[in-house]
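S.K.: I have a structure here, written as structure tokens, and I will follow up with some questions on it.
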Protein chains: 2
Amino acid sequence: MSRPLFLVPALDVTVLDGPEGHHAADVMRLRVGEELLLGDGRGGVASAVVQAVGRGRLDLSLTDRWYAEPPAPHLVVAQGIAKGDRGELAVQAMTEVGVDEIVPWTAARSVARWKDDRPLERWRAVAREAAKQARRPWLPVVSAPVPTEALAPTLVLHEEATVRLSTVELPAGDILVVVGPEGGIAPEELEAFVAAGAVPVRLGDTVLRTSTAGVAALAVLSARLGRW
Amino acid sequence: MSRPLFLVPALDVTVLDGPEGHHAADVMRLRVGEELLLGDGRGGVASAVVQAVGRGRLDLSLTDRWYAEPPAPHLVVAQGIAKGDRGELAVQAMTEVGVDEIVPWTAARSVARWKDDRPLERWRAVAREAAKQARRPWLPVVSAPVPTEALAPTLVLHEEATVRLSTVELPAGDILVVVGPEGGIAPEELEAFVAAGAVPVRLGDTVLRTSTAGVAALAVLSARLGRW
């Protein structure tokens with residue numbers, strides 16, 4: 001297993017405490033001499049060795065430091081808000097495979113309605129944990145939820161599309177992919193996206209759950225763009 | 001939304017009852033005049049219209065029938081047995097994206113041990129439900145668990161591999177990909193796979209959870225093989 005990564009505000013720390021220190025010292029039980037990574041979530045990463053272990057804290061010596069350029073182009077997914085844990089599963093898996101930004105989309109067929117900030121905070125917490133688990137140098141952005149008319153997507157995943165994501169011509173620059181909620185994308189939403197310049201694309205012949213579609217699309221795009 | 005699919009032993013039924021009839025009539029509450037699909041899980045699919053609704057049963061008239069050739073080459077994933085619901089999430093998502101066979105792999109670092117047939121039956125039930133949800137004409141096979149020495153994989157997903165899945169030369173014929181359990185693949189397991197002819201490949205620079213790695217690999221392979 002690769003070294004675990006912990007998030008810190010800046011890379012000059014020699015003590016890891018707070019929630020990250022608790023996780024490292026009390027949950028993962030790292031010991032003196034073990035190696036770990038520190039990340040600032042904005043490309044900066046340092047490797048460190050545990051020098052001493054206390055309750056909820058580690059003393060560290062930093063051994064190396066580097067900077068990872070932000071990925072380009074950016075891959076952005078507008079994720080139809082889903083009920084239950086499906087939205088969180090989508091955020092978790094998309095973060096693992098490298099999504100750069102997730103835009104919660106309030107779709108016509110979104111059964112769940114976000115009445116306060118808690119669901120957004122939850123998505124952000126899931127993305128942060130998944131980015132740590134995946135050892136990502138850059139944290140993905142989870143932006144505030146938007147309605148249909150605020151989106152100008154590049155691609156829309158749609159099971160009845162005739163164009164394939166695996167062969168569609170990709171534009172230069174950032175790519176925004178729309179993933180519908182469980183109930184799918186309403187005809188008038190699809191029309192609005194196409195009018196705004198989006199291309200509807202398909203992923204095979206099967207019907208993908210909303211928590212699977214974004215991950216599968218990101219995998220295909222990452223391979224096609226040479227990110228993987 | 002596309003028409004729901006129900007699994008039947010043979011395509012000549014005009015009454016849908018039993019668990020599938022219960023699901024269609026009582027849970028999904030299909031009504032007279034609504035369309036659905038019947039599948040035998042072996043490539044045969046029929047479209048049907050509801051003629052009458054009873055408690056736990058539908059009377060149907062069949063309107064069309066067709067046969068989908070089995071996909072070739074087959075995509076097989078040896079999935080390291082994972083604890084909690086991670087294995088089931090992997091089976092569900094891999095089935096949606098079209099895996100043809102899943103082989104539960106008893107890996108050195110599999111924390112969970114299967115002591116009876118129940119976990120296997122659970123994986124099979126999850127695959128069956130996911131295949132229905134995805135409208136797959138062919139059900140994936142979930143075979144009996146195997147130890148390391150019974151596997152002769154084509155590819156092994158490994159975060160330290162230097163070859164990329166997106167560009168590795170793919171052999172003609174079926175492809176067997178190994179996905180490790182949460183704790184990863186042990187060095188001696190990797191060695192055994194390589195000795196048996198497997199190529200270790202990577203998916204990007206991040207560390208993927210066991211429930212995400214197989215889906216991502218299948219997406220890349222499906223795009224590369226022209227299945228998507």
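Residues in the structure tokens are numbered from 1 in each chain, the chains being A, B, ... in the order shown, and ligands are numbered from 1 in the order shown.
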Least-squares align chain A to chain B using all Cα atoms paired by position, then dump the moved coordinates as a tab-separated table (two decimals) with C-alpha atoms, in the first residue's frame.

M.R.:
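Produced file result_7.tsv, reproduced below:
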chain	number	residue	atom	x	y	z
A	1	MET	CA	-36.69	6.34	-18.92
A	2	SER	CA	-36.42	3.19	-20.94
A	3	ARG	CA	-38.81	0.32	-20.41
A	4	PRO	CA	-38.11	-1.83	-17.34
A	5	LEU	CA	-36.78	-5.34	-17.90
A	6	PHE	CA	-37.95	-8.46	-16.08
A	7	LEU	CA	-36.23	-11.81	-16.13
A	8	VAL	CA	-38.15	-14.91	-17.18
A	9	PRO	CA	-37.08	-18.53	-17.75
A	10	ALA	CA	-38.36	-18.46	-21.33
A	11	LEU	CA	-39.73	-15.76	-23.62
A	12	ASP	CA	-43.08	-17.38	-24.40
A	13	VAL	CA	-44.83	-16.22	-21.22
A	14	THR	CA	-47.96	-14.13	-21.35
A	15	VAL	CA	-48.31	-13.97	-17.56
A	16	LEU	CA	-45.64	-12.41	-15.36
A	17	ASP	CA	-45.99	-13.66	-11.79
A	18	GLY	CA	-43.74	-14.88	-8.96
A	19	PRO	CA	-41.13	-12.43	-7.65
A	20	GLU	CA	-40.87	-10.62	-11.01
A	21	GLY	CA	-44.66	-10.24	-11.22
A	22	HIS	CA	-44.72	-8.89	-7.67
A	23	HIS	CA	-42.00	-6.39	-8.52
A	24	ALA	CA	-43.77	-5.27	-11.69
A	25	ALA	CA	-47.34	-5.15	-10.39
A	26	ASP	CA	-47.01	-4.27	-6.70
A	27	VAL	CA	-43.72	-2.34	-6.44
A	28	MET	CA	-43.37	-0.58	-9.79
A	29	ARG	CA	-47.14	-0.48	-10.23
A	30	LEU	CA	-47.17	-0.91	-13.99
A	31	ARG	CA	-50.56	-0.28	-15.55
A	32	VAL	CA	-52.56	-1.47	-18.51
A	33	GLY	CA	-51.05	-0.19	-21.72
A	34	GLU	CA	-47.54	0.29	-20.33
A	35	GLU	CA	-44.59	-1.29	-22.09
A	36	LEU	CA	-41.91	-3.50	-20.60
A	37	LEU	CA	-39.15	-5.86	-21.63
A	38	LEU	CA	-38.76	-9.55	-20.86
A	39	GLY	CA	-35.32	-11.09	-20.90
A	40	ASP	CA	-34.11	-14.67	-20.50
A	41	GLY	CA	-30.64	-13.51	-19.43
A	42	ARG	CA	-29.12	-15.44	-22.35
A	43	GLY	CA	-29.53	-12.91	-25.13
A	44	GLY	CA	-33.26	-13.27	-25.72
A	45	VAL	CA	-35.38	-10.15	-25.22
A	46	ALA	CA	-39.04	-9.47	-25.93
A	47	SER	CA	-41.09	-6.32	-25.69
A	48	ALA	CA	-44.55	-6.59	-24.19
A	49	VAL	CA	-47.59	-4.49	-23.32
A	50	VAL	CA	-49.58	-4.88	-20.11
A	51	GLN	CA	-53.08	-6.20	-20.84
A	52	ALA	CA	-54.33	-6.70	-17.30
A	53	VAL	CA	-53.03	-6.14	-13.77
A	54	GLY	CA	-53.68	-8.41	-10.81
A	55	ARG	CA	-52.18	-8.69	-7.38
A	56	GLY	CA	-48.59	-9.83	-7.99
A	57	ARG	CA	-49.18	-10.54	-11.67
A	58	LEU	CA	-49.45	-8.95	-15.08
A	59	ASP	CA	-51.09	-10.33	-18.21
A	60	LEU	CA	-49.02	-9.43	-21.23
A	61	SER	CA	-49.14	-9.40	-24.98
A	62	LEU	CA	-45.75	-9.78	-26.64
A	63	THR	CA	-45.11	-7.29	-29.41
A	64	ASP	CA	-41.61	-8.08	-30.57
A	65	ARG	CA	-38.74	-10.45	-29.88
A	66	TRP	CA	-35.04	-10.38	-30.67
A	67	TYR	CA	-31.73	-11.97	-29.81
A	68	ALA	CA	-28.56	-10.11	-28.82
A	69	GLU	CA	-25.31	-11.88	-29.65
A	70	PRO	CA	-23.04	-12.42	-26.64
A	71	PRO	CA	-20.34	-9.75	-26.38
A	72	ALA	CA	-16.90	-10.77	-27.65
A	73	PRO	CA	-14.24	-10.79	-26.38
A	74	HIS	CA	-15.44	-11.51	-22.86
A	75	LEU	CA	-14.38	-9.12	-20.11
A	76	VAL	CA	-13.74	-10.99	-16.88
A	77	VAL	CA	-12.78	-9.42	-13.55
A	78	ALA	CA	-11.20	-11.33	-10.68
A	79	GLN	CA	-12.41	-9.19	-7.78
A	80	GLY	CA	-10.46	-9.41	-4.52
A	81	ILE	CA	-12.99	-10.26	-1.82
A	82	ALA	CA	-13.65	-7.09	0.17
A	83	LYS	CA	-15.24	-6.49	3.52
A	84	GLY	CA	-18.54	-4.77	4.22
A	85	ASP	CA	-20.61	-3.70	1.25
A	86	ARG	CA	-17.64	-2.80	-0.96
A	87	GLY	CA	-17.69	-6.13	-2.77
A	88	GLU	CA	-21.40	-5.79	-3.51
A	89	LEU	CA	-20.97	-2.22	-4.72
A	90	ALA	CA	-18.22	-3.43	-7.05
A	91	VAL	CA	-20.41	-6.25	-8.40
A	92	GLN	CA	-23.33	-3.87	-8.91
A	93	ALA	CA	-21.39	-1.21	-10.80
A	94	MET	CA	-19.33	-3.69	-12.84
A	95	THR	CA	-22.53	-5.42	-13.93
A	96	GLU	CA	-24.00	-2.09	-15.03
A	97	VAL	CA	-20.99	-1.33	-17.21
A	98	GLY	CA	-21.12	-4.76	-18.83
A	99	VAL	CA	-18.73	-7.20	-17.14
A	100	ASP	CA	-19.27	-10.71	-18.56
A	101	GLU	CA	-17.92	-12.70	-15.64
A	102	ILE	CA	-16.89	-11.92	-12.07
A	103	VAL	CA	-14.55	-14.29	-10.26
A	104	PRO	CA	-14.43	-13.72	-6.47
A	105	TRP	CA	-10.75	-13.93	-5.59
A	106	THR	CA	-9.62	-15.04	-2.12
A	107	ALA	CA	-6.59	-12.77	-1.86
A	108	ALA	CA	-3.90	-12.84	0.81
A	109	ARG	CA	-5.07	-9.44	2.04
A	110	SER	CA	-8.81	-10.15	1.83
A	111	VAL	CA	-9.97	-9.30	5.35
A	112	ALA	CA	-13.33	-10.96	4.85
A	113	ARG	CA	-13.38	-14.74	4.57
A	114	TRP	CA	-16.31	-16.51	2.98
A	115	LYS	CA	-17.26	-19.31	5.35
A	116	ASP	CA	-20.38	-20.50	3.53
A	117	ASP	CA	-22.29	-19.94	0.29
A	118	ARG	CA	-24.19	-16.87	1.47
A	119	PRO	CA	-21.77	-14.16	0.30
A	120	LEU	CA	-21.57	-15.80	-3.14
A	121	GLU	CA	-25.36	-16.03	-3.34
A	122	ARG	CA	-25.51	-12.37	-2.35
A	123	TRP	CA	-23.08	-11.35	-5.13
A	124	ARG	CA	-25.18	-13.36	-7.60
A	125	ALA	CA	-28.38	-11.67	-6.45
A	126	VAL	CA	-26.76	-8.22	-6.72
A	127	ALA	CA	-25.51	-9.02	-10.23
A	128	ARG	CA	-28.96	-10.21	-11.29
A	129	GLU	CA	-30.69	-7.08	-9.99
A	130	ALA	CA	-28.06	-4.81	-11.53
A	131	ALA	CA	-28.35	-6.59	-14.88
A	132	LYS	CA	-32.12	-5.99	-14.82
A	133	GLN	CA	-31.65	-2.37	-13.90
A	134	ALA	CA	-29.12	-1.95	-16.71
A	135	ARG	CA	-31.39	-3.79	-19.23
A	136	ARG	CA	-28.66	-6.30	-20.08
A	137	PRO	CA	-29.65	-9.08	-22.49
A	138	TRP	CA	-26.93	-11.31	-20.98
A	139	LEU	CA	-26.62	-11.92	-17.25
A	140	PRO	CA	-23.03	-11.89	-16.04
A	141	VAL	CA	-21.66	-15.08	-14.53
A	142	VAL	CA	-20.51	-14.89	-10.91
A	143	SER	CA	-18.34	-17.95	-10.49
A	144	ALA	CA	-17.22	-19.74	-7.33
A	145	PRO	CA	-14.36	-18.10	-5.38
A	146	VAL	CA	-10.83	-19.10	-6.36
A	147	PRO	CA	-7.40	-18.82	-4.75
A	148	THR	CA	-4.46	-16.99	-6.34
A	149	GLU	CA	-2.93	-20.07	-7.97
A	150	ALA	CA	-6.13	-20.76	-9.93
A	151	LEU	CA	-5.92	-17.43	-11.78
A	152	ALA	CA	-4.05	-16.81	-15.04
A	153	PRO	CA	-4.91	-13.17	-15.63
A	154	THR	CA	-4.22	-11.00	-18.65
A	155	LEU	CA	-3.90	-7.75	-16.71
A	156	VAL	CA	-3.41	-6.80	-13.07
A	157	LEU	CA	-4.43	-3.35	-11.84
A	158	HIS	CA	-1.57	-2.08	-9.72
A	159	GLU	CA	-0.88	1.47	-8.58
A	160	GLU	CA	2.88	1.06	-9.00
A	161	ALA	CA	2.71	-0.32	-12.53
A	162	THR	CA	4.45	1.73	-15.21
A	163	VAL	CA	2.34	0.52	-18.15
A	164	ARG	CA	-1.02	2.28	-18.63
A	165	LEU	CA	-4.26	0.41	-19.19
A	166	SER	CA	-5.20	3.11	-21.69
A	167	THR	CA	-2.30	2.24	-24.01
A	168	VAL	CA	-1.23	-1.33	-23.18
A	169	GLU	CA	-1.39	-3.71	-26.14
A	170	LEU	CA	-4.51	-5.84	-25.73
A	171	PRO	CA	-4.39	-9.50	-26.69
A	172	ALA	CA	-6.96	-11.05	-28.99
A	173	GLY	CA	-9.54	-13.05	-27.08
A	174	ASP	CA	-11.02	-12.78	-23.61
A	175	ILE	CA	-9.47	-10.45	-21.05
A	176	LEU	CA	-9.14	-11.28	-17.36
A	177	VAL	CA	-8.35	-8.30	-15.13
A	178	VAL	CA	-7.36	-8.68	-11.48
A	179	VAL	CA	-8.59	-6.10	-8.94
A	180	GLY	CA	-7.04	-6.34	-5.48
A	181	PRO	CA	-8.96	-6.23	-2.18
A	182	GLU	CA	-8.83	-3.12	0.08
A	183	GLY	CA	-5.36	-3.97	1.33
A	184	GLY	CA	-4.01	-4.33	-2.18
A	185	ILE	CA	-2.23	-7.16	-3.94
A	186	ALA	CA	0.58	-8.85	-1.98
A	187	PRO	CA	4.04	-8.87	-3.64
A	188	GLU	CA	4.06	-12.66	-3.96
A	189	GLU	CA	0.64	-12.59	-5.62
A	190	LEU	CA	1.79	-9.98	-8.13
A	191	GLU	CA	4.85	-12.13	-8.83
A	192	ALA	CA	2.71	-15.23	-9.41
A	193	PHE	CA	0.44	-13.33	-11.82
A	194	VAL	CA	3.39	-11.95	-13.78
A	195	ALA	CA	4.97	-15.41	-13.91
A	196	ALA	CA	1.67	-16.65	-15.37
A	197	GLY	CA	1.93	-14.02	-18.12
A	198	ALA	CA	-0.07	-11.08	-16.74
A	199	VAL	CA	0.87	-7.45	-17.38
A	200	PRO	CA	0.56	-5.05	-14.42
A	201	VAL	CA	-1.19	-1.85	-15.53
A	202	ARG	CA	-2.12	1.42	-13.89
A	203	LEU	CA	-5.17	3.68	-14.06
A	204	GLY	CA	-3.92	7.21	-13.62
A	205	ASP	CA	-1.94	8.51	-10.68
A	206	THR	CA	-4.52	8.13	-7.94
A	207	VAL	CA	-5.22	5.19	-5.65
A	208	LEU	CA	-8.58	3.64	-6.48
A	209	ARG	CA	-10.80	1.89	-3.98
A	210	THR	CA	-11.50	-1.76	-4.79
A	211	SER	CA	-15.14	-0.90	-5.52
A	212	THR	CA	-14.09	1.72	-8.12
A	213	ALA	CA	-11.09	0.14	-9.84
A	214	GLY	CA	-12.94	-2.60	-11.72
A	215	VAL	CA	-15.61	-0.22	-13.06
A	216	ALA	CA	-12.99	2.25	-14.25
A	217	ALA	CA	-10.98	-0.52	-15.92
A	218	LEU	CA	-14.05	-1.95	-17.64
A	219	ALA	CA	-14.99	1.52	-18.94
A	220	VAL	CA	-11.54	2.04	-20.46
A	221	LEU	CA	-11.48	-1.48	-21.96
A	222	SER	CA	-15.03	-1.18	-23.34
A	223	ALA	CA	-14.10	2.07	-25.08
A	224	ARG	CA	-10.85	0.63	-26.42
A	225	LEU	CA	-12.47	-2.56	-27.70
A	226	GLY	CA	-15.30	-0.71	-29.45
A	227	ARG	CA	-17.95	-2.21	-27.18
A	228	TRP	CA	-19.02	1.30	-26.16

S.K.: Select from segment 46-177 of chain B everything DSSP, run on the backbone, classes as helix (DSSP H, G or I), then give the selection as a compact mmCIF listing (two decimals) with N, CA and C atoms, in the first residue's frame.

M.R.:
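Listed below is the output, states25.txt:
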# COMPACT_ATOMS: atom_id res chain seq x y z
N ARG B 86 -18.48 -3.21 0.16
CA ARG B 86 -17.63 -2.78 -0.95
C ARG B 86 -17.63 -3.78 -2.09
N GLY B 87 -17.65 -5.08 -1.74
CA GLY B 87 -17.70 -6.11 -2.78
C GLY B 87 -19.00 -6.04 -3.56
N GLU B 88 -20.09 -5.85 -2.84
CA GLU B 88 -21.39 -5.78 -3.52
C GLU B 88 -21.51 -4.53 -4.38
N LEU B 89 -20.96 -3.41 -3.90
CA LEU B 89 -20.97 -2.20 -4.73
C LEU B 89 -20.16 -2.42 -6.00
N ALA B 90 -19.04 -3.13 -5.88
CA ALA B 90 -18.22 -3.43 -7.05
C ALA B 90 -18.99 -4.29 -8.04
N VAL B 91 -19.64 -5.34 -7.54
CA VAL B 91 -20.41 -6.24 -8.40
C VAL B 91 -21.52 -5.47 -9.10
N GLN B 92 -22.22 -4.63 -8.35
CA GLN B 92 -23.32 -3.86 -8.92
C GLN B 92 -22.84 -2.96 -10.06
N ALA B 93 -21.82 -2.16 -9.79
CA ALA B 93 -21.37 -1.20 -10.81
C ALA B 93 -20.71 -1.90 -11.99
N MET B 94 -19.95 -2.97 -11.73
CA MET B 94 -19.31 -3.68 -12.85
C MET B 94 -20.36 -4.34 -13.74
N THR B 95 -21.45 -4.81 -13.13
CA THR B 95 -22.52 -5.40 -13.93
C THR B 95 -23.18 -4.34 -14.81
N GLU B 96 -23.40 -3.16 -14.24
CA GLU B 96 -23.99 -2.08 -15.04
C GLU B 96 -23.14 -1.75 -16.27
N ARG B 118 -23.36 -18.07 1.45
CA ARG B 118 -24.21 -16.87 1.45
C ARG B 118 -23.59 -15.65 0.77
N PRO B 119 -22.31 -15.33 1.01
CA PRO B 119 -21.77 -14.15 0.31
C PRO B 119 -21.80 -14.32 -1.22
N LEU B 120 -21.52 -15.54 -1.68
CA LEU B 120 -21.57 -15.79 -3.13
C LEU B 120 -22.98 -15.62 -3.66
N GLU B 121 -23.96 -16.16 -2.93
CA GLU B 121 -25.36 -16.01 -3.35
C GLU B 121 -25.74 -14.54 -3.37
N ARG B 122 -25.21 -13.79 -2.42
CA ARG B 122 -25.50 -12.35 -2.35
C ARG B 122 -24.92 -11.63 -3.58
N TRP B 123 -23.67 -11.94 -3.92
CA TRP B 123 -23.07 -11.33 -5.13
C TRP B 123 -23.90 -11.67 -6.36
N ARG B 124 -24.36 -12.93 -6.43
CA ARG B 124 -25.16 -13.33 -7.60
C ARG B 124 -26.48 -12.57 -7.65
N ALA B 125 -27.11 -12.39 -6.50
CA ALA B 125 -28.38 -11.65 -6.47
C ALA B 125 -28.16 -10.19 -6.86
N VAL B 126 -27.07 -9.60 -6.37
CA VAL B 126 -26.76 -8.21 -6.72
C VAL B 126 -26.52 -8.09 -8.22
N ALA B 127 -25.79 -9.04 -8.79
CA ALA B 127 -25.51 -9.01 -10.23
C ALA B 127 -26.80 -9.14 -11.04
N ARG B 128 -27.69 -9.99 -10.60
CA ARG B 128 -28.96 -10.20 -11.30
C ARG B 128 -29.81 -8.92 -11.27
N GLU B 129 -29.90 -8.30 -10.11
CA GLU B 129 -30.68 -7.07 -10.00
C GLU B 129 -30.06 -5.94 -10.82
N ALA B 130 -28.74 -5.85 -10.77
CA ALA B 130 -28.05 -4.79 -11.53
C ALA B 130 -28.21 -5.01 -13.04
N ALA B 131 -28.20 -6.28 -13.46
CA ALA B 131 -28.37 -6.58 -14.89
C ALA B 131 -29.76 -6.18 -15.36
N LYS B 132 -30.76 -6.41 -14.52
CA LYS B 132 -32.12 -5.97 -14.83
C LYS B 132 -32.17 -4.46 -14.95
N GLN B 133 -31.63 -3.80 -13.94
CA GLN B 133 -31.67 -2.34 -13.90
C GLN B 133 -30.98 -1.76 -15.14
N THR B 148 -5.40 -17.64 -5.39
CA THR B 148 -4.46 -17.00 -6.32
C THR B 148 -3.96 -17.96 -7.39
N GLU B 149 -3.59 -19.19 -6.99
CA GLU B 149 -2.94 -20.09 -7.94
C GLU B 149 -3.88 -20.58 -9.03
N ALA B 150 -5.19 -20.35 -8.88
CA ALA B 150 -6.14 -20.76 -9.91
C ALA B 150 -6.33 -19.69 -10.99
